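What follows is a single structure, written as structure tokens, with notes after it.
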Amino acid sequence: MSGKPKLIAALFYDSGLRVNECCTLRVQDLDLTLKTTTARDTNGIQARVIVIPDRLVQPLEKHLI
């Protein structure tokens with residue numbers, strides 16, 4: 001696995017994002033300086049903050065460029 005599918009799978013496994021959360025993830029929900037992302041409208045909860053692992057920060061920055 002490589003490229004985008006690998007990054008998505010890493011987000012599922014390492015940060016605990018759900019499928020729906022990962023599919024609806026927006027750039028403005030990412031905060032790479034604090035290493036967090038905000039998942040909105042999930043299972044009746046308005047929003048939850050999820051920590052992004054250190055090893056995924058650089059691949060996410062590369063993907064966003």
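Naming scheme: A, B, ... for chains in displayed order of the structure tokens; residues 1 onward per chain; ligands 1 onward as shown.
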
Every residue of region 23-61 of chain A that DSSP places in alpha helix (DSSP H), as a list in words = Cys23, Asp54, Arg55, Leu56, Val57, Gln58, Pro59, Leu60 and Glu61 of chain A

Neighbour list for Lys62 (chain A) as number ranges by chain, cut-off 12 Å, only C-alpha atoms, skip fewer than 5 positions in-chain | A: 3-4, 7, 32, 56-57

Now that the selection is made, can you save its residues with C-alpha atoms as a tab-separated table (two decimals), in the first residue's frame?
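Final file, selection-v6.tsv:
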chain	number	residue	atom	x	y	z
A	3	GLY	CA	0.19	7.02	-1.46
A	4	LYS	CA	-3.21	8.28	-0.34
A	7	LEU	CA	-2.11	7.75	4.58
A	32	LEU	CA	-0.48	20.27	12.46
A	56	LEU	CA	1.92	11.28	10.38
A	57	VAL	CA	2.56	15.02	10.61

Nearest candidate to Pro53 (chain A) (options A:Leu17, A:Leu11, A:Ile65, A:Ala39; using only C-alpha atoms) =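 Using only C-alpha atoms, the shortest distance to Pro53 (chain A) belongs to A:Leu11.
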
Pick from A:Arg26, A:Ser15, A:Thr36, A:Ser2, whichever lies nearest to Leu64 (chain A) using only C-alpha atoms |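 Distance minimum relative to Leu64 (chain A) lands on A:Arg26.
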
Near Cys22 (chain A), within 12 Å and counting only C-alpha atoms, which residues show up once chain neighbours fewer than 3 positions away are dropped, as a list in words?
->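 Residues meeting the cut-off are Lys4, Pro5, Leu7, Ile8, Ala9, Ala10, Leu11, Phe12, Tyr13, Ser15, Gly16, Leu17, Arg18, Val19, Leu25, Arg26, Val27, Asp29, Leu30, Thr37, Thr38, Ala39, Arg40, Thr42 and Ile50 of chain A.
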
Strand (DSSP E or B) residues, from DSSP on the backbone, in chain A, as JSON, numbers by chain | {"A": [30, 31, 36, 37, 38, 39, 40, 41, 42, 45, 46, 47, 48, 49, 50, 51]}

What lies within 10 Å of Asp54 (chain A) using only C-alpha atoms, ignoring chain neighbours under 4 positions off, as a PyMOL selection string?
-> chain A and resi 14+32+35+58-59
